[in-house]
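Asker: Sharing final-v6.cif below, mmCIF, C-alpha atoms:
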data_run
#
loop_
_atom_site.group_PDB
_atom_site.id
_atom_site.type_symbol
_atom_site.label_atom_id
_atom_site.label_comp_id
_atom_site.auth_asym_id
_atom_site.auth_seq_id
_atom_site.Cartn_x
_atom_site.Cartn_y
_atom_site.Cartn_z
ATOM 1 C CA MET A 1 224.134 74.834 86.935
ATOM 2 C CA GLY A 2 220.869 73.369 85.772
ATOM 3 C CA PHE A 3 217.462 74.629 86.828
ATOM 4 C CA LYS A 4 215.879 72.682 89.659
ATOM 5 C CA SER A 5 212.156 73.125 90.112
ATOM 6 C CA SER A 6 210.545 73.254 93.545
ATOM 7 C CA PRO A 7 206.950 72.013 93.250
ATOM 8 C CA GLN A 8 204.495 73.894 95.427
ATOM 9 C CA LYS A 9 201.739 71.573 96.539
ATOM 10 C CA TYR A 10 199.310 72.262 99.355
ATOM 11 C CA SER A 11 197.852 70.003 102.005
ATOM 12 C CA ALA A 12 194.476 71.657 101.394
ATOM 13 C CA SER A 13 192.534 71.264 98.149
ATOM 14 C CA ILE A 14 189.564 72.660 96.262
ATOM 15 C CA ASN A 15 186.349 70.686 96.795
ATOM 16 C CA GLU A 16 185.288 68.358 94.004
ATOM 17 C CA VAL A 17 181.766 69.019 92.728
ATOM 18 C CA VAL A 18 180.028 66.784 90.169
ATOM 19 C CA ILE A 19 177.581 68.197 87.615
ATOM 20 C CA GLY A 20 175.424 65.988 85.411
ATOM 21 C CA THR A 21 175.067 62.217 85.357
ATOM 22 C CA GLY A 22 176.415 59.223 83.490
ATOM 23 C CA ASP A 23 179.383 59.212 81.134
ATOM 24 C CA LYS A 24 179.044 62.929 80.337
ATOM 25 C CA ALA A 25 179.105 64.095 83.982
ATOM 26 C CA ILE A 26 181.857 66.596 84.763
ATOM 27 C CA LYS A 27 183.943 67.106 87.886
ATOM 28 C CA LEU A 28 184.992 70.590 88.955
ATOM 29 C CA GLY A 29 187.785 71.284 91.435
ATOM 30 C CA GLY A 30 189.774 68.679 93.318
ATOM 31 C CA GLU A 31 193.186 70.297 92.739
ATOM 32 C CA ASN A 32 195.756 71.128 95.414
ATOM 33 C CA VAL A 33 197.926 73.427 93.299
ATOM 34 C CA LYS A 34 197.575 76.923 91.889
ATOM 35 C CA PRO A 35 195.468 77.361 88.725
ATOM 36 C CA LEU A 36 196.913 75.383 85.783
ATOM 37 C CA TYR A 37 200.092 74.542 87.749
ATOM 38 C CA SER A 38 200.143 71.011 86.342
ATOM 39 C CA PHE A 39 203.946 71.107 86.531
ATOM 40 C CA ASP A 40 203.720 71.131 90.341
ATOM 41 C CA ALA A 41 201.267 68.236 90.679
ATOM 42 C CA GLU A 42 198.664 66.413 88.652
ATOM 43 C CA ILE A 43 195.423 68.348 88.192
ATOM 44 C CA VAL A 44 192.901 65.534 88.385
ATOM 45 C CA ASN A 45 190.021 67.541 86.900
ATOM 46 C CA ALA A 46 190.926 69.898 84.066
ATOM 47 C CA PRO A 47 188.922 73.149 83.841
ATOM 48 C CA LYS A 48 185.701 72.790 81.873
ATOM 49 C CA VAL A 49 184.074 74.827 79.097
ATOM 50 C CA GLY A 50 180.346 75.521 78.973
ATOM 51 C CA VAL A 51 178.329 76.796 76.016
ATOM 52 C CA GLU A 52 175.763 79.516 76.603
ATOM 53 C CA ILE A 53 172.417 79.329 74.846
ATOM 54 C CA THR A 54 169.434 81.554 75.515
ATOM 55 C CA ASP A 55 165.671 81.170 75.363
ATOM 56 C CA GLU A 56 165.667 84.195 73.058
ATOM 57 C CA GLY A 57 167.456 82.262 70.311
ATOM 58 C CA TYR A 58 170.851 83.112 68.874
ATOM 59 C CA ASP A 59 172.348 86.440 67.845
ATOM 60 C CA LYS A 60 171.682 86.809 64.142
ATOM 61 C CA THR A 61 173.673 90.061 63.974
ATOM 62 C CA VAL A 62 176.947 88.144 64.330
ATOM 63 C CA ALA A 63 177.543 86.534 60.953
ATOM 64 C CA SER A 64 179.608 83.572 62.168
ATOM 65 C CA LEU A 65 177.129 82.714 64.952
ATOM 66 C CA ALA A 66 174.217 82.998 62.559
ATOM 67 C CA ALA A 67 176.024 80.711 60.125
ATOM 68 C CA TYR A 68 176.767 78.142 62.828
ATOM 69 C CA TYR A 69 173.137 77.957 63.962
ATOM 70 C CA ALA A 70 171.653 78.293 60.475
ATOM 71 C CA GLY A 71 168.567 76.139 60.120
ATOM 72 C CA CYS A 72 167.917 75.910 63.863
ATOM 73 C CA GLU A 73 164.270 76.798 64.453
ATOM 74 C CA THR A 74 163.594 75.493 67.948
ATOM 75 C CA MET A 75 165.436 75.517 71.263
ATOM 76 C CA ALA A 76 165.986 71.794 70.804
ATOM 77 C CA ASP A 77 167.740 72.490 67.495
ATOM 78 C CA ILE A 78 169.908 75.198 69.069
ATOM 79 C CA ALA A 79 170.772 72.994 72.043
ATOM 80 C CA LYS A 80 171.837 70.064 69.861
ATOM 81 C CA LYS A 81 173.984 72.352 67.733
ATOM 82 C CA ALA A 82 175.578 73.942 70.811
ATOM 83 C CA ALA A 83 176.274 70.554 72.379
ATOM 84 C CA ALA A 84 178.054 69.507 69.182
ATOM 85 C CA MET A 85 180.674 72.276 69.479
ATOM 86 C CA PRO A 86 184.180 70.776 69.706
ATOM 87 C CA GLY A 87 185.354 71.283 73.277
ATOM 88 C CA ALA A 88 181.914 71.702 74.879
ATOM 89 C CA ASP A 89 181.662 70.081 78.323
ATOM 90 C CA PHE A 90 178.252 71.396 79.428
ATOM 91 C CA LEU A 91 175.394 73.667 78.355
ATOM 92 C CA ALA A 92 174.336 76.820 80.199
ATOM 93 C CA ILE A 93 170.737 77.895 79.529
ATOM 94 C CA ASN A 94 170.250 81.624 79.979
ATOM 95 C CA LEU A 95 166.582 82.469 80.568
ATOM 96 C CA ASP A 96 166.781 86.135 79.574
ATOM 97 C CA GLY A 97 163.168 86.099 78.415
ATOM 98 C CA ALA A 98 161.944 85.536 81.965
ATOM 99 C CA ASP A 99 163.064 89.008 83.067
ATOM 100 C CA PRO A 100 160.035 91.021 84.292
ATOM 101 C CA ASN A 101 161.595 94.087 82.640
ATOM 102 C CA GLY A 102 161.838 92.230 79.345
ATOM 103 C CA ALA A 103 159.606 89.638 77.715
ATOM 104 C CA ASN A 104 158.478 88.455 81.165
ATOM 105 C CA LYS A 105 157.934 84.859 80.090
ATOM 106 C CA SER A 106 156.062 82.779 82.614
ATOM 107 C CA VAL A 107 157.723 80.215 84.834
ATOM 108 C CA ASP A 108 155.824 77.434 83.063
ATOM 109 C CA GLU A 109 156.949 78.677 79.633
ATOM 110 C CA CYS A 110 160.592 78.763 80.711
ATOM 111 C CA ALA A 111 160.318 75.355 82.342
ATOM 112 C CA ALA A 112 158.951 73.945 79.090
ATOM 113 C CA ILE A 113 161.951 75.367 77.206
ATOM 114 C CA VAL A 114 164.396 73.789 79.648
ATOM 115 C CA SER A 115 162.556 70.465 79.422
ATOM 116 C CA GLU A 116 162.806 70.636 75.633
ATOM 117 C CA VAL A 117 166.563 71.109 75.860
ATOM 118 C CA ALA A 118 167.079 68.429 78.513
ATOM 119 C CA ALA A 119 165.244 65.910 76.337
ATOM 120 C CA VAL A 120 167.643 66.194 73.384
ATOM 121 C CA VAL A 121 171.120 66.614 74.907
ATOM 122 C CA ASP A 122 173.160 64.436 77.239
ATOM 123 C CA LEU A 123 175.651 67.069 78.363
ATOM 124 C CA PRO A 124 175.350 68.391 81.938
ATOM 125 C CA LEU A 125 173.150 71.465 82.271
ATOM 126 C CA ALA A 126 173.532 74.785 84.085
ATOM 127 C CA ILE A 127 170.516 77.084 84.445
ATOM 128 C CA VAL A 128 171.612 80.721 84.469
ATOM 129 C CA GLY A 129 168.214 82.320 85.015
ATOM 130 C CA CYS A 130 167.488 85.995 84.361
ATOM 131 C CA LYS A 131 168.420 89.330 85.956
ATOM 132 C CA SER A 132 165.621 89.187 88.548
ATOM 133 C CA ALA A 133 166.601 87.361 91.752
ATOM 134 C CA GLU A 134 162.940 87.103 92.742
ATOM 135 C CA LYS A 135 161.902 85.560 89.415
ATOM 136 C CA ASN A 136 164.870 83.200 89.549
ATOM 137 C CA SER A 137 163.628 81.804 92.857
ATOM 138 C CA GLU A 138 160.387 80.769 91.158
ATOM 139 C CA LEU A 139 162.158 79.529 88.032
ATOM 140 C CA PHE A 140 164.724 77.463 89.889
ATOM 141 C CA ASN A 141 162.129 75.838 92.132
ATOM 142 C CA LYS A 142 160.048 74.728 89.147
ATOM 143 C CA ILE A 143 162.961 73.635 86.977
ATOM 144 C CA ALA A 144 164.747 71.822 89.823
ATOM 145 C CA ASP A 145 161.561 69.806 90.270
ATOM 146 C CA ILE A 146 161.103 68.808 86.620
ATOM 147 C CA LEU A 147 164.815 67.981 86.218
ATOM 148 C CA GLN A 148 165.087 65.787 89.303
ATOM 149 C CA GLY A 149 167.875 63.264 88.931
ATOM 150 C CA LYS A 150 169.740 65.354 86.303
ATOM 151 C CA ASN A 151 172.190 66.861 88.834
ATOM 152 C CA VAL A 152 171.843 70.347 87.346
ATOM 153 C CA LEU A 153 173.801 73.468 88.365
ATOM 154 C CA PHE A 154 171.674 76.536 89.146
ATOM 155 C CA ILE A 155 173.253 79.960 88.587
ATOM 156 C CA SER A 156 172.808 82.226 90.395
ATOM 157 C CA CYS A 157 172.205 82.085 94.105
ATOM 158 C CA LYS A 158 172.502 85.631 95.453
ATOM 159 C CA GLU A 159 172.104 87.258 98.843
ATOM 160 C CA GLU A 160 168.577 88.319 97.829
ATOM 161 C CA ASN A 161 167.360 84.790 97.089
ATOM 162 C CA TYR A 162 169.813 82.302 98.580
ATOM 163 C CA LYS A 163 167.345 80.949 101.143
ATOM 164 C CA ASN A 164 164.785 80.021 98.507
ATOM 165 C CA VAL A 165 167.329 78.670 96.017
ATOM 166 C CA ALA A 166 169.298 76.684 98.593
ATOM 167 C CA ALA A 167 166.158 75.257 100.174
ATOM 168 C CA SER A 168 164.466 74.260 96.914
ATOM 169 C CA ALA A 169 167.104 73.462 94.294
ATOM 170 C CA GLY A 170 169.777 72.449 96.786
ATOM 171 C CA LEU A 171 168.003 70.671 99.620
ATOM 172 C CA ALA A 172 164.589 69.623 98.306
ATOM 173 C CA TYR A 173 165.674 68.460 94.849
ATOM 174 C CA ASN A 174 169.373 67.598 95.401
ATOM 175 C CA GLN A 175 170.635 69.800 92.582
ATOM 176 C CA LYS A 176 173.844 71.858 92.613
ATOM 177 C CA ILE A 177 173.830 75.630 93.128
ATOM 178 C CA CYS A 178 176.241 78.486 92.449
ATOM 179 C CA ALA A 179 176.851 81.210 95.025
ATOM 180 C CA GLU A 180 177.174 84.537 93.223
ATOM 181 C CA SER A 181 178.994 87.593 94.563
ATOM 182 C CA ALA A 182 180.433 90.799 93.119
ATOM 183 C CA VAL A 183 184.250 90.587 92.823
ATOM 184 C CA ASP A 184 185.060 90.726 96.535
ATOM 185 C CA ILE A 185 186.620 87.949 98.610
ATOM 186 C CA ASN A 186 184.638 88.912 101.710
ATOM 187 C CA LEU A 187 181.324 88.837 99.826
ATOM 188 C CA ALA A 188 182.241 85.484 98.285
ATOM 189 C CA LYS A 189 183.024 84.003 101.686
ATOM 190 C CA GLN A 190 179.870 85.483 103.201
ATOM 191 C CA MET A 191 177.717 83.804 100.547
ATOM 192 C CA ASN A 192 179.387 80.452 101.190
ATOM 193 C CA VAL A 193 178.870 80.805 104.922
ATOM 194 C CA LEU A 194 175.193 81.641 104.458
ATOM 195 C CA ILE A 195 174.658 78.673 102.150
ATOM 196 C CA SER A 196 176.493 76.277 104.465
ATOM 197 C CA GLN A 197 174.291 77.451 107.318
ATOM 198 C CA MET A 198 171.297 76.323 105.260
ATOM 199 C CA GLY A 199 172.629 72.790 105.569
ATOM 200 C CA LEU A 200 174.203 72.264 102.149
ATOM 201 C CA LYS A 201 177.307 70.097 102.031
ATOM 202 C CA ALA A 202 180.569 71.534 100.715
ATOM 203 C CA ASP A 203 180.505 69.345 97.600
ATOM 204 C CA THR A 204 177.066 70.556 96.473
ATOM 205 C CA TYR A 205 177.805 74.140 95.486
ATOM 206 C CA VAL A 206 180.291 76.247 93.560
ATOM 207 C CA MET A 207 181.075 79.970 93.333
ATOM 208 C CA ASN A 208 180.692 82.691 90.730
ATOM 209 C CA VAL A 209 182.835 85.434 92.235
ATOM 210 C CA GLY A 210 182.093 87.845 89.387
ATOM 211 C CA SER A 211 183.901 88.780 86.216
ATOM 212 C CA ALA A 212 184.464 91.558 83.703
ATOM 213 C CA ALA A 213 185.577 91.736 80.111
ATOM 214 C CA ALA A 214 189.338 92.028 79.718
ATOM 215 C CA GLY A 215 190.294 95.690 79.926
ATOM 216 C CA TYR A 216 187.177 96.635 81.890
ATOM 217 C CA GLY A 217 188.412 96.588 85.470
ATOM 218 C CA PHE A 218 189.573 93.002 85.069
ATOM 219 C CA GLU A 219 192.420 93.548 87.534
ATOM 220 C CA TYR A 220 189.823 93.375 90.322
ATOM 221 C CA VAL A 221 188.751 89.943 89.083
ATOM 222 C CA VAL A 222 192.355 88.715 89.007
ATOM 223 C CA SER A 223 193.165 89.946 92.499
ATOM 224 C CA THR A 224 189.920 88.539 93.939
ATOM 225 C CA MET A 225 190.409 85.074 92.464
ATOM 226 C CA ASP A 226 194.070 85.070 93.452
ATOM 227 C CA ARG A 227 193.240 85.923 97.061
ATOM 228 C CA ILE A 228 190.503 83.284 97.144
ATOM 229 C CA LYS A 229 192.842 80.530 95.922
ATOM 230 C CA ASP A 230 195.587 81.647 98.311
ATOM 231 C CA ALA A 231 193.177 81.476 101.252
ATOM 232 C CA ALA A 232 191.635 78.181 100.122
ATOM 233 C CA LEU A 233 194.924 76.366 99.553
ATOM 234 C CA GLY A 234 197.509 78.213 101.618
ATOM 235 C CA GLN A 235 195.346 78.935 104.664
ATOM 236 C CA ASN A 236 193.020 75.927 104.368
ATOM 237 C CA ASP A 237 189.968 78.201 104.514
ATOM 238 C CA ALA A 238 187.103 75.730 104.103
ATOM 239 C CA GLN A 239 184.654 78.524 103.254
ATOM 240 C CA LEU A 240 186.605 79.407 100.116
ATOM 241 C CA GLN A 241 187.413 75.931 98.801
ATOM 242 C CA MET A 242 184.507 75.744 96.360
ATOM 243 C CA PRO A 243 185.262 75.535 92.617
ATOM 244 C CA ILE A 244 184.785 78.773 90.648
ATOM 245 C CA VAL A 245 182.498 78.942 87.611
ATOM 246 C CA THR A 246 182.673 82.130 85.522
ATOM 247 C CA PRO A 247 180.031 83.152 82.935
ATOM 248 C CA VAL A 248 182.423 84.944 80.566
ATOM 249 C CA SER A 249 180.049 85.407 77.626
ATOM 250 C CA SER A 250 177.585 87.562 79.535
ATOM 251 C CA GLU A 251 180.361 90.108 80.087
ATOM 252 C CA THR A 252 182.309 90.020 76.838
ATOM 253 C CA TRP A 253 179.378 90.181 74.448
ATOM 254 C CA GLY A 254 178.116 93.421 75.950
ATOM 255 C CA VAL A 255 181.162 95.680 75.590
ATOM 256 C CA LYS A 256 181.861 98.171 72.836
ATOM 257 C CA GLU A 257 184.523 96.107 71.119
ATOM 258 C CA THR A 258 182.033 93.315 70.407
ATOM 259 C CA ILE A 259 178.999 95.489 69.634
ATOM 260 C CA VAL A 260 180.029 98.292 67.272
ATOM 261 C CA THR A 261 179.867 97.555 63.554
ATOM 262 C CA GLU A 262 182.645 97.671 61.011
ATOM 263 C CA GLU A 263 180.853 100.567 59.330
ATOM 264 C CA ASP A 264 181.145 102.662 62.504
ATOM 265 C CA TYR A 265 184.757 101.662 63.278
ATOM 266 C CA PRO A 266 186.365 100.332 60.085
ATOM 267 C CA GLU A 267 189.836 100.639 61.615
ATOM 268 C CA TRP A 268 188.860 98.027 64.242
ATOM 269 C CA GLY A 269 188.375 95.309 61.644
ATOM 270 C CA SER A 270 185.905 92.426 61.640
ATOM 271 C CA ARG A 271 183.290 92.475 64.387
ATOM 272 C CA ASP A 272 183.251 88.684 64.446
ATOM 273 C CA ASP A 273 187.011 88.544 64.994
ATOM 274 C CA ARG A 274 186.872 91.189 67.720
ATOM 275 C CA ALA A 275 184.107 89.371 69.583
ATOM 276 C CA VAL A 276 185.943 86.056 69.535
ATOM 277 C CA GLN A 277 189.219 87.674 70.591
ATOM 278 C CA MET A 278 187.541 89.423 73.525
ATOM 279 C CA GLU A 279 185.860 86.210 74.650
ATOM 280 C CA VAL A 280 189.004 84.106 74.305
ATOM 281 C CA CYS A 281 191.386 86.484 76.093
ATOM 282 C CA THR A 282 188.901 87.017 78.944
ATOM 283 C CA ALA A 283 188.276 83.290 79.359
ATOM 284 C CA ALA A 284 192.008 82.521 79.312
ATOM 285 C CA ALA A 285 192.637 85.181 81.953
ATOM 286 C CA CYS A 286 189.844 83.791 84.140
ATOM 287 C CA LEU A 287 191.277 80.267 83.948
ATOM 288 C CA VAL A 288 194.779 81.456 84.785
ATOM 289 C CA SER A 289 193.361 83.434 87.709
ATOM 290 C CA GLY A 290 191.416 80.549 89.200
ATOM 291 C CA SER A 291 188.217 79.611 87.353
ATOM 292 C CA ASN A 292 187.464 75.900 87.253
ATOM 293 C CA ALA A 293 184.955 76.423 84.434
ATOM 294 C CA VAL A 294 184.098 79.194 81.991
ATOM 295 C CA ILE A 295 180.900 79.742 80.007
ATOM 296 C CA LEU A 296 181.342 80.921 76.413
ATOM 297 C CA ARG A 297 179.138 81.597 73.395
ATOM 298 C CA HIS A 298 181.060 81.365 70.125
ATOM 299 C CA PRO A 299 182.134 77.973 68.708
ATOM 300 C CA GLU A 300 185.585 79.305 67.837
ATOM 301 C CA SER A 301 186.045 80.535 71.416
ATOM 302 C CA VAL A 302 184.951 77.188 72.823
ATOM 303 C CA ALA A 303 187.351 75.271 70.574
ATOM 304 C CA THR A 304 190.274 77.618 71.273
ATOM 305 C CA ILE A 305 189.925 77.576 75.054
ATOM 306 C CA SER A 306 189.392 73.826 75.112
ATOM 307 C CA LYS A 307 192.627 73.339 73.147
ATOM 308 C CA MET A 308 194.453 75.715 75.484
ATOM 309 C CA ILE A 309 193.333 73.742 78.529
ATOM 310 C CA ALA A 310 194.374 70.440 76.957
ATOM 311 C CA ALA A 311 197.806 71.835 76.068
ATOM 312 C CA LEU A 312 198.403 72.981 79.657
ATOM 313 C CA MET A 313 197.346 69.746 81.295
#
In structure tokens, write the structure found in this file.

Answerer:
Amino acid sequence: MGFKSSPQKYSASINEVVIGTGDKAIKLGGENVKPLYSFDAEIVNAPKVGVEITDEGYDKTVASLAAYYAGCETMADIAKKAAAMPGADFLAINLDGADPNGANKSVDECAAIVSEVAAVVDLPLAIVGCKSAEKNSELFNKIADILQGKNVLFISCKEENYKNVAASAGLAYNQKICAESAVDINLAKQMNVLISQMGLKADTYVMNVGSAAAGYGFEYVVSTMDRIKDAALGQNDAQLQMPIVTPVSSETWGVKETIVTEEDYPEWGSRDDRAVQMEVCTAAACLVSGSNAVILRHPESVATISKMIAALM
């Protein structure tokens, strides 16, 4: 007796959110099936891949990254090179240098960097900000103003700063924002409720529900995303139907497997290979669990994940 499939489609669906403008604009969400279940129903908007760049330049300690960006002297150079990666759908600008506990770059200096990037690339932009929620409020307000009409995504909007970010970037300047929470379905829903109470429409924001490098408590990420998708699709929970965007690179490039040198752990092999493998397996797991977009750093990771998505669509 032959196998007979039973497609599982839902009456509810994930909201569709548009980032960017023109021919290069991307659409996140819109599906009414489980993640990557294209065999149950058409997934109208395939998951997207973003490329992380930072105002602090590129990591010259990773030979393959240094080789890829060789000759890039300005942020405009780096941005153009990043945008040229096969499989890149959008750019994510990480403003690490704005951190008050780091270089503490001024808001104007960071805004000038973002303007420089926006002037030379036509891919949609996401602004990741720094580790300070307070500084991000200032950054996002300024950058949302100078990038009016670009339909930019601002990451992250946390409980500490959501009022400022939602009011400025979201309402005043009609940009998109990303509600960030820490790997907990209740916290994710709470952030969405708070943002909706500010008056933002459901198609103007997405979620970052948290992540971890594969092997570092990643089972919590899987279970959280799985529960969110079940509630969004199976229970028609409107407060959990936002697309999920996951900054993978910020997690995977900080763990031991990607940091230690070959001299310290020769039995582990090439550091470059380890870093790419960690980024790829984490990104793949996030997509299978429910991410509608992942943010990566290495060109090989971007190409690999992009090919994986295309093969599963």

Asker: May I ask for the distance between atom CA of Asp77 of chain A and atom CA of Pro124 of chain A, given in Å to one decimal place?

Answerer: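 One can read the atom CA of Asp77 of chain A to atom CA of Pro124 of chain A distance as 16.8 Å.
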
Asker: Please write as a tab-separated table (two decimals) with C-alpha atoms, in the frame of the given file the full residue list that the PyMOL selection byres ((chain A and resi 107-118) around 10) yields on this file.

Answerer:
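Result saved to result.tsv:
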chain	number	residue	atom	x	y	z
A	54	THR	CA	169.43	81.55	75.52
A	55	ASP	CA	165.67	81.17	75.36
A	74	THR	CA	163.59	75.49	67.95
A	75	MET	CA	165.44	75.52	71.26
A	76	ALA	CA	165.99	71.79	70.80
A	77	ASP	CA	167.74	72.49	67.50
A	78	ILE	CA	169.91	75.20	69.07
A	79	ALA	CA	170.77	72.99	72.04
A	80	LYS	CA	171.84	70.06	69.86
A	91	LEU	CA	175.39	73.67	78.36
A	93	ILE	CA	170.74	77.90	79.53
A	94	ASN	CA	170.25	81.62	79.98
A	95	LEU	CA	166.58	82.47	80.57
A	96	ASP	CA	166.78	86.14	79.57
A	97	GLY	CA	163.17	86.10	78.42
A	98	ALA	CA	161.94	85.54	81.96
A	104	ASN	CA	158.48	88.46	81.17
A	105	LYS	CA	157.93	84.86	80.09
A	106	SER	CA	156.06	82.78	82.61
A	119	ALA	CA	165.24	65.91	76.34
A	120	VAL	CA	167.64	66.19	73.38
A	121	VAL	CA	171.12	66.61	74.91
A	122	ASP	CA	173.16	64.44	77.24
A	123	LEU	CA	175.65	67.07	78.36
A	124	PRO	CA	175.35	68.39	81.94
A	125	LEU	CA	173.15	71.46	82.27
A	127	ILE	CA	170.52	77.08	84.44
A	129	GLY	CA	168.21	82.32	85.02
A	135	LYS	CA	161.90	85.56	89.42
A	136	ASN	CA	164.87	83.20	89.55
A	138	GLU	CA	160.39	80.77	91.16
A	139	LEU	CA	162.16	79.53	88.03
A	140	PHE	CA	164.72	77.46	89.89
A	141	ASN	CA	162.13	75.84	92.13
A	142	LYS	CA	160.05	74.73	89.15
A	143	ILE	CA	162.96	73.64	86.98
A	144	ALA	CA	164.75	71.82	89.82
A	145	ASP	CA	161.56	69.81	90.27
A	146	ILE	CA	161.10	68.81	86.62
A	147	LEU	CA	164.82	67.98	86.22
A	150	LYS	CA	169.74	65.35	86.30

Asker: Starting from the PyMOL selection byres ((chain A and resi 42) around 12), expand the selection into actual residues of this file and give them as a list in words.

Answerer: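 Written out, the selection comes to Pro7, Gln8, Lys9, Gly30, Glu31, Asn32, Val33, Lys34, Pro35, Leu36, Tyr37, Ser38, Phe39, Asp40, Ala41, Ile43, Val44, Asn45, Ala46, Leu312 and Met313 of chain A.
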
Asker: Need the shell around Gln175 of chain A: protein/DNA/RNA residues with any atom at most 12 Å away, counting all atoms listed in the file. Skip same-chain ones fewer than 2 positions apart. Format as an MDAnalysis selection string?

Answerer: chainID A and resid 17:21 124:127 140:141 143:155 165:173 177:178 200:201 203:206

Asker: I'd like the residues picked by the PyMOL selection byres ((chain A and resi 300) around 10) written out as a PyMOL selection string, using the chain letters and numbers from the file.

Answerer: chain A and resi 64-65+85-87+273+276-277+279-280+296-299+301-306

Asker: Rounded to one decimal in Å, what is the spacing between atom CA of Asn208 of chain A and atom CA of Gly50 of chain A?

Answerer: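 Atom-to-atom, atom CA of Asn208 of chain A to atom CA of Gly50 of chain A, that is 13.8 Å.
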
Asker: Please indicate the distance in Å from atom CA of Ile185 of chain A to atom CA of Ser11 of chain A, rounded to one decimal place.

Answerer: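 According to the coordinates, atom CA of Ile185 of chain A and atom CA of Ser11 of chain A are separated by 21.4 Å.
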
Asker: Between A:Gly210, A:Gly71, A:Ala231, A:Gln239, which residue has the minimum interatomic distance to Gln190 of chain A, considering all atoms listed in the file?

Answerer: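 Result for the nearest residue to Gln190 of chain A: A:Gln239.
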
Asker: Please determine, counting all atoms listed in the file, which residue among A:Arg271, A:Arg227, A:Lys81, A:Lys307 has the shortest atom-to-atom distance to Ile53 of chain A.

Answerer: A:Lys81

Asker: Go through A:Pro247, A:Ala212, A:Asp226, A:Val49 one by one, measure the shortest atom-to-atom distance of each to Val128 of chain A using only C-alpha atoms, and give the residue with the smallest value.

Answerer: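 Once distances to Val128 of chain A are computed over only C-alpha atoms, the minimum belongs to A:Pro247.
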
Asker: Is it possible to get the axis-aligned box enclosing segment 26-36 of chain A (all listed atoms, 3 Å extra per side) as lines of an AutoDock Vina configuration file, with centre and edge lengths in Å rounded to one decimal?

Answerer:
center_x = 189.9
center_y = 72.0
center_z = 90.1
size_x = 22.1
size_y = 16.8
size_z = 16.7

Asker: Within 12 Å of (177.0, 80.5, 106.1) (coordinates as in the file), grab all the protein and nucleic acid residues, counting only C-alpha atoms, and write them out as number ranges by chain.

Answerer: A: 159, 162-163, 166, 179, 187-202, 238-240
